[in-house]
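Following: one structure in structure tokens, then a few remarks.
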Protein chains: 2
Amino acid sequence: MAEPQDILLQKIKEQGDLVRKLKAAKESSEKGKSSQDLGKINRHLSEYSYISGYVPSKIDVELHYNLESNLDFQKYPHLKRWWNHMRSFSDSEIALFPIIHPSHDIVNAIKGNRKNFDIQIQEEVSKLLALKAQLGSEDAAPSKFVLKTAKGTRDYNPQQMTIRNNVLQKIITVFKKHGAECIDTPVFELKEVLTGKYGEDSKLIYDLKDQGGEILSLRYDLTVPLARYLAMNKINTLKRYHIAKVYRRDNPAMTRGRYREFYQCDFDIAGQYDPMVPDAECLLVVTEIMDALDIGKYVLKVNHRRLLDGMFEACGVPADKFRSTCSTVDKLDKSPWEEVRTEMINEKGVQPEAADRIGEYVRLNGGTELADKLLQDEKLSKSKSAVEGLEGIKLLLHYCELFGIKDKILFDLSLARGLDYYTGVIYEAVLTQPIKIGNEDQTVGSIAGGGRYDNLVGMFDSKNKQVPCVGVSIGVERIFSVLEAKLAAGDISVRTSDIDVYVASAQKNFLEERMKICAELWKAGIKTEQSYKKNPKMLNQLQHCEENGIPLAVILGESELKRGLVKIRNISTRKEDEIPRANLVDELKSRIEVLDIKEMNGPLHK
Amino acid sequence: MAEPQDILLQKIKEQGDLVRKLKAAKESSEKGKSSQDLGKINRHLSEYSYISGYVPSKIDVELHYNLESNLDFQKYPHLKRWWNHMRSFSDSEIALFPIIHPSHDIVNAIKGNRKNFDIQIQEEVSKLLALKAQLGSEDAAPSKFVLKTAKGTRDYNPQQMTIRNNVLQKIITVFKKHGAECIDTPVFELKEVLTGKYGEDSKLIYDLKDQGGEILSLRYDLTVPLARYLAMNKINTLKRYHIAKVYRRDNPAMTRGRYREFYQCDFDIAGQYDPMVPDAECLLVVTEIMDALDIGKYVLKVNHRRLLDGMFEACGVPADKFRSTCSTVDKLDKSPWEEVRTEMINEKGVQPEAADRIGEYVRLNGGTELADKLLQDEKLSKSKSAVEGLEGIKLLLHYCELFGIKDKILFDLSLARGLDYYTGVIYEAVLTQPIKIGNEDQTVGSIAGGGRYDNLVGMFDSKNKQVPCVGVSIGVERIFSVLEAKLAAGDISVRTSDIDVYVASAQKNFLEERMKICAELWKAGIKTEQSYKKNPKMLNQLQHCEENGIPLAVILGESELKRGLVKIRNISTRKEDEIPRANLVDELKSRIEVLDIKEMNGPLHK
């Protein structure tokens, strides 16, 4: 059955060429079609509001989801109109869109016919693989594919893990000092748990493949799982922390610490309590963490969603546009007012006069005196919710004074926060100075944020029973990336292993003696290492100690052992002492104790 | 546009009924069809070897994957034949199957036509939602769905987290004592990284939905990601630990600690070293962890893949059946020999005489003397690989003696381990006694396992460059579930928060005073809590201390404060002392120190 090798190799070559041609054809068809499609869709949208005519339908959602976000809108003005319109729908609105089957013509323009290529390629690849298999598995070259982690994710090497664990440990210490308990939830949730919680960002959720059974998605944050946990277990009060990875199919910017898989460190207080008491403690927790991490000067901006609502109301924004106007204000930390104003007017449909009035307010920031002034403001004082927000801010600032952190707090009317679910106070910790990394300054910005969300738990309760919550999330990835950059620049150094003692030998055939001593030291709880080679070179052993910051080495030699002695070498001073073999454990323990005390007094940073 | 409420409600009811009817129809069609299908497929397979005729193809794989594993094989003998045949293919063989389009008839029998129902249901649900939306969002009942975590997963509450963190901390301490560094990898990998690594178990891998971009799967263990990490970063030596969750779409048995999302704690040594030196250290690490966890008597079974291969060879099993025979032997820990023998003969195609010879060997276990005896064995001594395995075992046992753990090791020829990738020594830690939980005995079995895998890293290297590895994985979920059961039975207790001091007040309007004292204690690093209520009741405050094991309370009262005093109450003795307000921090610190020393000397277990 087997064909001669040379014929087989020729066939494989031909089959390989065919597969490559098909792939190239698919690619060029995609490229060509891609621009044709958009032209056709743009023309269609010059006549119709939506793909299916005059009612938005599921196919609009699909197209909106699949289109690249970097479209050339100059070229396709009607597509742009439709794009912005589609962006304005909330998740709950989208859920109600009907399924309408539009004309074949436009469907083809949207979907193209790449599928045929895919099937053909798949079939020819199978043939290629079958041919290669005939070559015999021994001869086959190992299959080649690009070795990488998934887009937007990364491995943590030992140095990065050491930095990460140090940072997390400091944060956990603060959380525990405030009595927070620890919980954990699964990495995936039923998809419907996440549905309708994240507004525009829902499209960034990772879904699992339907492999039969439940429809699942990876968690997007730790707040919605907490709300689900509270509602499911009918828990009314909880002070918990949760440190875990969350997942967002966003555009990664890995050098700035923005990943698709990243850590969140959340601290939340759930329960029906008196106003601003737990809220103020959350602010204190943030300051304690910022101080413990010691990465630079910072300010804690605070604002209140009720005040923002009252401000929008007073400026003449209709109530149904509060949330979308709010998410536009949120962009003020990255964009100048002029751009935000344009988006408000052109995309969110806010009247220019209203936008200008908002512009007056959002440039204000200060302390209690500003809250007092605004309570006298002609327009705001007429809005119930503005007054409520301002009174809340005043109480919060008062409690911050009692906690001794008022100098770190800034009441800032431009702070809006992106997420829909906040209902009360909101806050964000921002570094006020660039961080020096090597010889360069790097701007880091927001490092923690949170607020009050009183209605989220109720969304999961069949009787809509509410559990008010307030919490904060620490943006540890940004902290990690700052410290990693400092490490790379040589500004700090880390030790990735805790080993105190290395058991070495200068002579051949000492493996068994080394093993016995290692066993003795391990039994005594001493962090010990040795070479896994039978006859390692002395130089390599000492080099290993120096590279890994191991402070002490036990050095075995025949002449010393005959006299019942071993040598202890201090790696940094290179001083060696002979001590009785029988005293080894005690001697090492007391030397390690001295080193530990020195270590504790020395900083992690160089 | 809005219709009267009562007409709308009537319409919603009717539309709801329609949806329910469609769903019921879909379900019964599935049930009915399911058995019809199988009959038809069975008849088809009485004539043909495979679905597409006489060559196995992708559709066979699909059907095999989708069929329930609890099929009534008595009823469908031909399906059974095909099923067992399909099971025998390896992943790499399956990858080479061609795509063949079988007749429509049989495709319909396989796939049914459920899809039509799905589309219809989807459309009617949209209509229903649109009707409900007309009712106005305020009137709409909150959407109902079952609040649960995904199948086979669970939340960890604070008690469970405390147990989990205690166990992990003990394990990490041992890993670090041996100089292991910590790494982490993303929760998902490119699907092709996992392909062809897990043999039969590949069907249990969770895939992510194709949302455009890369095709991803959740990690199935930590060993393959480690191999990918080593190959990708061209690392030749590493001693690392990795503690993280892995994912398997297996049948969960949650009471016995078998979940779809579960922790693995892995310790591995990668590098080209002298035989059995790192391997013996892995065994020592397992014994140190078992001793630290102190959950019962155990034995560490060891065996060698080369010996197993040599044994199969000596018994007359053909070389291409070594791996599948090996995975049958692996079932000996759960099934009696008779059942294993039957599977070997009927499903793996081993000759009855060969199976009986295997049966003679696998009942043997012992120490060095057994290895010596087997080296003299007429059949084994002729097999190069058996001799290699036996010499390896002897060396390993010798090193275990030097490490002082030989009494815990049992050389056991029935130990096989399921995974394909092992190439040398294999081992498993097994509890030898049931664990007493409340008044019941529970059998736990295997709690750690591992072995040598020298060829896995090479599978990722384009030049097939090998990095030999040996490692161990601790089955912490079983340990968690034992400790959780003990907790539930009242055999142990845990504290979920570390709070040392509660700041309370017997009188009204002391919130601000409490806040100031809390701030002072937090600043001094004292783990402190207070009520978030303005005027909490004294009884509730003291009850909170008792329920949460908080040892000390500071109690504020007007008369004491006027005299410059505060009270400190010892919660367990109920003794109260008045001390000067100015000395509060120092007094509390010294009391906490005394309590901590007591705590350290007292056990976690009651």
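Chains: A, B, ... in order of the structure tokens. Residues: from 1 per chain. Ligands: from 1, in order shown.
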
List the neighbours of Phe322 of chain B out to 9 Å using only C-alpha atoms; skip same-chain residues closer than 6 positions along the sequence, and give me the result as a PDB file with N, CA and C atoms, in the first residue's frame.
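As written to disk, part_38.pdb reads:
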```
ATOM      1  N   LEU B 308       7.085  -1.253  33.199  1.00  0.00           N
ATOM      2  CA  LEU B 308       5.767  -1.659  32.697  1.00  0.00           C
ATOM      3  C   LEU B 308       5.872  -2.089  31.231  1.00  0.00           C
ATOM      4  N   ASP B 309       6.570  -1.285  30.429  1.00  0.00           N
ATOM      5  CA  ASP B 309       6.741  -1.634  29.018  1.00  0.00           C
ATOM      6  C   ASP B 309       7.434  -2.993  28.888  1.00  0.00           C
ATOM      7  N   PHE B 312       5.041  -5.753  29.790  1.00  0.00           N
ATOM      8  CA  PHE B 312       4.081  -6.044  28.723  1.00  0.00           C
ATOM      9  C   PHE B 312       4.765  -6.831  27.611  1.00  0.00           C
ATOM     10  N   GLU B 313       5.980  -6.399  27.282  1.00  0.00           N
ATOM     11  CA  GLU B 313       6.760  -7.056  26.247  1.00  0.00           C
ATOM     12  C   GLU B 313       6.992  -8.524  26.630  1.00  0.00           C
TER      13      GLU B 313
END
```

Item to complete: Give as a count of residues only every residue of chain A that touches chain B within 7 Å, counting only C-alpha atoms.
Response: 60

Discussion item. Quick check for you: according to DSSP on this backbone, which residues of segment 514-586 of chain B are classed as helix (DSSP H, G or I)? Reply as number ranges by chain.
Written reply: B: 514-523, 538-547, 558-562, 581-586

Go ahead and write the selection's residues with C-alpha atoms as a PDB file, in the first residue's frame.
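Result file selection_30.pdb:
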```
ATOM      1  CA  ARG B 514     -15.507  55.159  67.623  1.00  0.00           C
ATOM      2  CA  MET B 515     -14.269  56.258  64.207  1.00  0.00           C
ATOM      3  CA  LYS B 516     -11.432  58.261  65.703  1.00  0.00           C
ATOM      4  CA  ILE B 517     -10.316  55.336  67.843  1.00  0.00           C
ATOM      5  CA  CYS B 518     -10.550  52.911  64.909  1.00  0.00           C
ATOM      6  CA  ALA B 519      -8.402  55.244  62.799  1.00  0.00           C
ATOM      7  CA  GLU B 520      -5.829  55.345  65.587  1.00  0.00           C
ATOM      8  CA  LEU B 521      -5.740  51.551  65.930  1.00  0.00           C
ATOM      9  CA  TRP B 522      -5.585  50.953  62.163  1.00  0.00           C
ATOM     10  CA  LYS B 523      -2.727  53.426  61.933  1.00  0.00           C
ATOM     11  CA  MET B 538     -24.428  46.683  73.026  1.00  0.00           C
ATOM     12  CA  LEU B 539     -25.701  43.121  72.927  1.00  0.00           C
ATOM     13  CA  ASN B 540     -25.352  42.925  69.130  1.00  0.00           C
ATOM     14  CA  GLN B 541     -21.822  44.262  69.276  1.00  0.00           C
ATOM     15  CA  LEU B 542     -20.701  41.718  71.869  1.00  0.00           C
ATOM     16  CA  GLN B 543     -22.496  38.935  69.995  1.00  0.00           C
ATOM     17  CA  HIS B 544     -20.578  39.873  66.835  1.00  0.00           C
ATOM     18  CA  CYS B 545     -17.320  39.494  68.789  1.00  0.00           C
ATOM     19  CA  GLU B 546     -18.309  36.087  70.092  1.00  0.00           C
ATOM     20  CA  GLU B 547     -19.520  34.781  66.734  1.00  0.00           C
ATOM     21  CA  GLU B 558     -19.303  58.847  78.481  1.00  0.00           C
ATOM     22  CA  SER B 559     -18.317  58.661  82.138  1.00  0.00           C
ATOM     23  CA  GLU B 560     -15.037  56.852  81.420  1.00  0.00           C
ATOM     24  CA  LEU B 561     -14.118  59.198  78.570  1.00  0.00           C
ATOM     25  CA  LYS B 562     -14.673  62.191  80.837  1.00  0.00           C
ATOM     26  CA  ARG B 581      -7.224  56.484  76.824  1.00  0.00           C
ATOM     27  CA  ALA B 582      -3.699  57.652  76.002  1.00  0.00           C
ATOM     28  CA  ASN B 583      -2.226  54.173  76.655  1.00  0.00           C
ATOM     29  CA  LEU B 584      -4.826  52.352  74.553  1.00  0.00           C
ATOM     30  CA  VAL B 585      -2.616  51.401  71.597  1.00  0.00           C
ATOM     31  CA  ASP B 586       0.276  50.136  73.722  1.00  0.00           C
TER      32      ASP B 586
END
```

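Coordinates place atom CA of Lys465 of chain A at a distance of 24.8 Å from atom CA of Ala319 of chain A.
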
Fill in: Close residues, Pro468 of chain B itself excluded, 7 Å, only C-alpha atoms, min 2 positions apart in chain, as a list in words
Ala270, Gly271, Gln272, Tyr453, Asp454, Asn455 and Gln466 of chain B

Kindly export the residues of the current selection with all heavy atoms, as a PDB file, in the first residue's frame.
```
ATOM      1  N   ALA B 270      12.824  20.669  36.073  1.00  0.00           N
ATOM      2  CA  ALA B 270      13.183  20.479  34.670  1.00  0.00           C
ATOM      3  C   ALA B 270      14.684  20.628  34.517  1.00  0.00           C
ATOM      4  O   ALA B 270      15.281  21.515  35.125  1.00  0.00           O
ATOM      5  CB  ALA B 270      12.466  21.512  33.813  1.00  0.00           C
ATOM      6  N   GLY B 271      15.272  19.758  33.723  1.00  0.00           N
ATOM      7  CA  GLY B 271      16.714  19.884  33.476  1.00  0.00           C
ATOM      8  C   GLY B 271      17.368  18.528  33.271  1.00  0.00           C
ATOM      9  O   GLY B 271      16.847  17.511  33.698  1.00  0.00           O
ATOM     10  N   GLN B 272      18.520  18.563  32.601  1.00  0.00           N
ATOM     11  CA  GLN B 272      19.269  17.343  32.305  1.00  0.00           C
ATOM     12  C   GLN B 272      20.184  17.047  33.492  1.00  0.00           C
ATOM     13  O   GLN B 272      21.225  17.689  33.650  1.00  0.00           O
ATOM     14  CB  GLN B 272      20.087  17.575  31.018  1.00  0.00           C
ATOM     15  CG  GLN B 272      20.829  16.362  30.518  1.00  0.00           C
ATOM     16  CD  GLN B 272      19.855  15.332  29.964  1.00  0.00           C
ATOM     17  OE1 GLN B 272      19.082  15.621  29.064  1.00  0.00           O
ATOM     18  NE2 GLN B 272      19.874  14.127  30.530  1.00  0.00           N
ATOM     19  N   TYR B 453       8.514  12.842  32.862  1.00  0.00           N
ATOM     20  CA  TYR B 453       8.058  12.980  31.470  1.00  0.00           C
ATOM     21  C   TYR B 453       9.151  13.700  30.697  1.00  0.00           C
ATOM     22  O   TYR B 453       9.282  14.895  30.774  1.00  0.00           O
ATOM     23  CB  TYR B 453       6.709  13.715  31.405  1.00  0.00           C
ATOM     24  CG  TYR B 453       6.631  14.997  32.190  1.00  0.00           C
ATOM     25  CD1 TYR B 453       6.749  16.229  31.558  1.00  0.00           C
ATOM     26  CD2 TYR B 453       6.457  14.992  33.573  1.00  0.00           C
ATOM     27  CE1 TYR B 453       6.709  17.421  32.275  1.00  0.00           C
ATOM     28  CE2 TYR B 453       6.423  16.173  34.289  1.00  0.00           C
ATOM     29  CZ  TYR B 453       6.541  17.372  33.642  1.00  0.00           C
ATOM     30  OH  TYR B 453       6.515  18.541  34.361  1.00  0.00           O
ATOM     31  N   ASP B 454       9.929  12.929  29.964  1.00  0.00           N
ATOM     32  CA  ASP B 454      11.124  13.490  29.341  1.00  0.00           C
ATOM     33  C   ASP B 454      10.880  13.997  27.924  1.00  0.00           C
ATOM     34  O   ASP B 454      11.730  14.689  27.363  1.00  0.00           O
ATOM     35  CB  ASP B 454      12.248  12.446  29.325  1.00  0.00           C
ATOM     36  CG  ASP B 454      12.882  12.282  30.713  1.00  0.00           C
ATOM     37  OD1 ASP B 454      12.602  13.120  31.593  1.00  0.00           O
ATOM     38  OD2 ASP B 454      13.635  11.315  30.907  1.00  0.00           O
ATOM     39  N   ASN B 455       9.726  13.680  27.339  1.00  0.00           N
ATOM     40  CA  ASN B 455       9.527  14.018  25.930  1.00  0.00           C
ATOM     41  C   ASN B 455       8.489  15.107  25.670  1.00  0.00           C
ATOM     42  O   ASN B 455       8.245  15.475  24.528  1.00  0.00           O
ATOM     43  CB  ASN B 455       9.116  12.764  25.143  1.00  0.00           C
ATOM     44  CG  ASN B 455      10.161  11.671  25.249  1.00  0.00           C
ATOM     45  OD1 ASN B 455      11.344  11.966  25.445  1.00  0.00           O
ATOM     46  ND2 ASN B 455       9.739  10.426  25.139  1.00  0.00           N
ATOM     47  N   GLN B 466      14.688  18.289  23.620  1.00  0.00           N
ATOM     48  CA  GLN B 466      14.039  17.804  24.827  1.00  0.00           C
ATOM     49  C   GLN B 466      14.538  18.529  26.074  1.00  0.00           C
ATOM     50  O   GLN B 466      15.719  18.863  26.168  1.00  0.00           O
ATOM     51  CB  GLN B 466      14.308  16.306  25.004  1.00  0.00           C
ATOM     52  CG  GLN B 466      13.836  15.442  23.846  1.00  0.00           C
ATOM     53  CD  GLN B 466      12.325  15.423  23.706  1.00  0.00           C
ATOM     54  OE1 GLN B 466      11.607  15.993  24.524  1.00  0.00           O
ATOM     55  NE2 GLN B 466      11.837  14.790  22.656  1.00  0.00           N
TER      56      GLN B 466
END
```

Worksheet item: Do you have the atom CA of Pro102 of chain A-atom CA of Arg20 of chain B distance handy?
Response: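 About the pair atom CA of Pro102 of chain A and atom CA of Arg20 of chain B: they are 27.5 Å apart.
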
Item to complete: Would you please extract all strand (DSSP E) residues from segment 281-372 of chain A, as assigned by DSSP on the backbone, and give them as a PyMOL selection string?
Response: chain A and resi 298-304+365-366

Worksheet item: If you count only C-alpha atoms, which residues fall within 7 Å of segment 78-84 of chain A, apart from same-chain ones fewer than 5 positions away, as an MDAnalysis selection string?
Response: chainID A and resid 42 45:46 64 73 347

Hey, can you spit out that residue selection with C-alpha atoms as an mmCIF file, in the first residue's frame?
```cif
data_model
loop_
_atom_site.group_PDB
_atom_site.id
_atom_site.type_symbol
_atom_site.label_atom_id
_atom_site.label_comp_id
_atom_site.auth_asym_id
_atom_site.auth_seq_id
_atom_site.Cartn_x
_atom_site.Cartn_y
_atom_site.Cartn_z
ATOM 1 C CA ASN A 42 -23.092 52.306 3.238
ATOM 2 C CA LEU A 45 -27.882 52.728 4.905
ATOM 3 C CA SER A 46 -28.238 55.921 2.887
ATOM 4 C CA HIS A 64 -22.177 46.089 14.636
ATOM 5 C CA PHE A 73 -15.830 56.770 8.661
ATOM 6 C CA GLU A 347 -23.482 61.312 19.615
#
```

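Shortest separation to Leu565 of chain B among B:Leu375, B:Val246, B:Val425, B:Ile579 occurs at residue B:Ile579, atoms counted being only C-alpha atoms.
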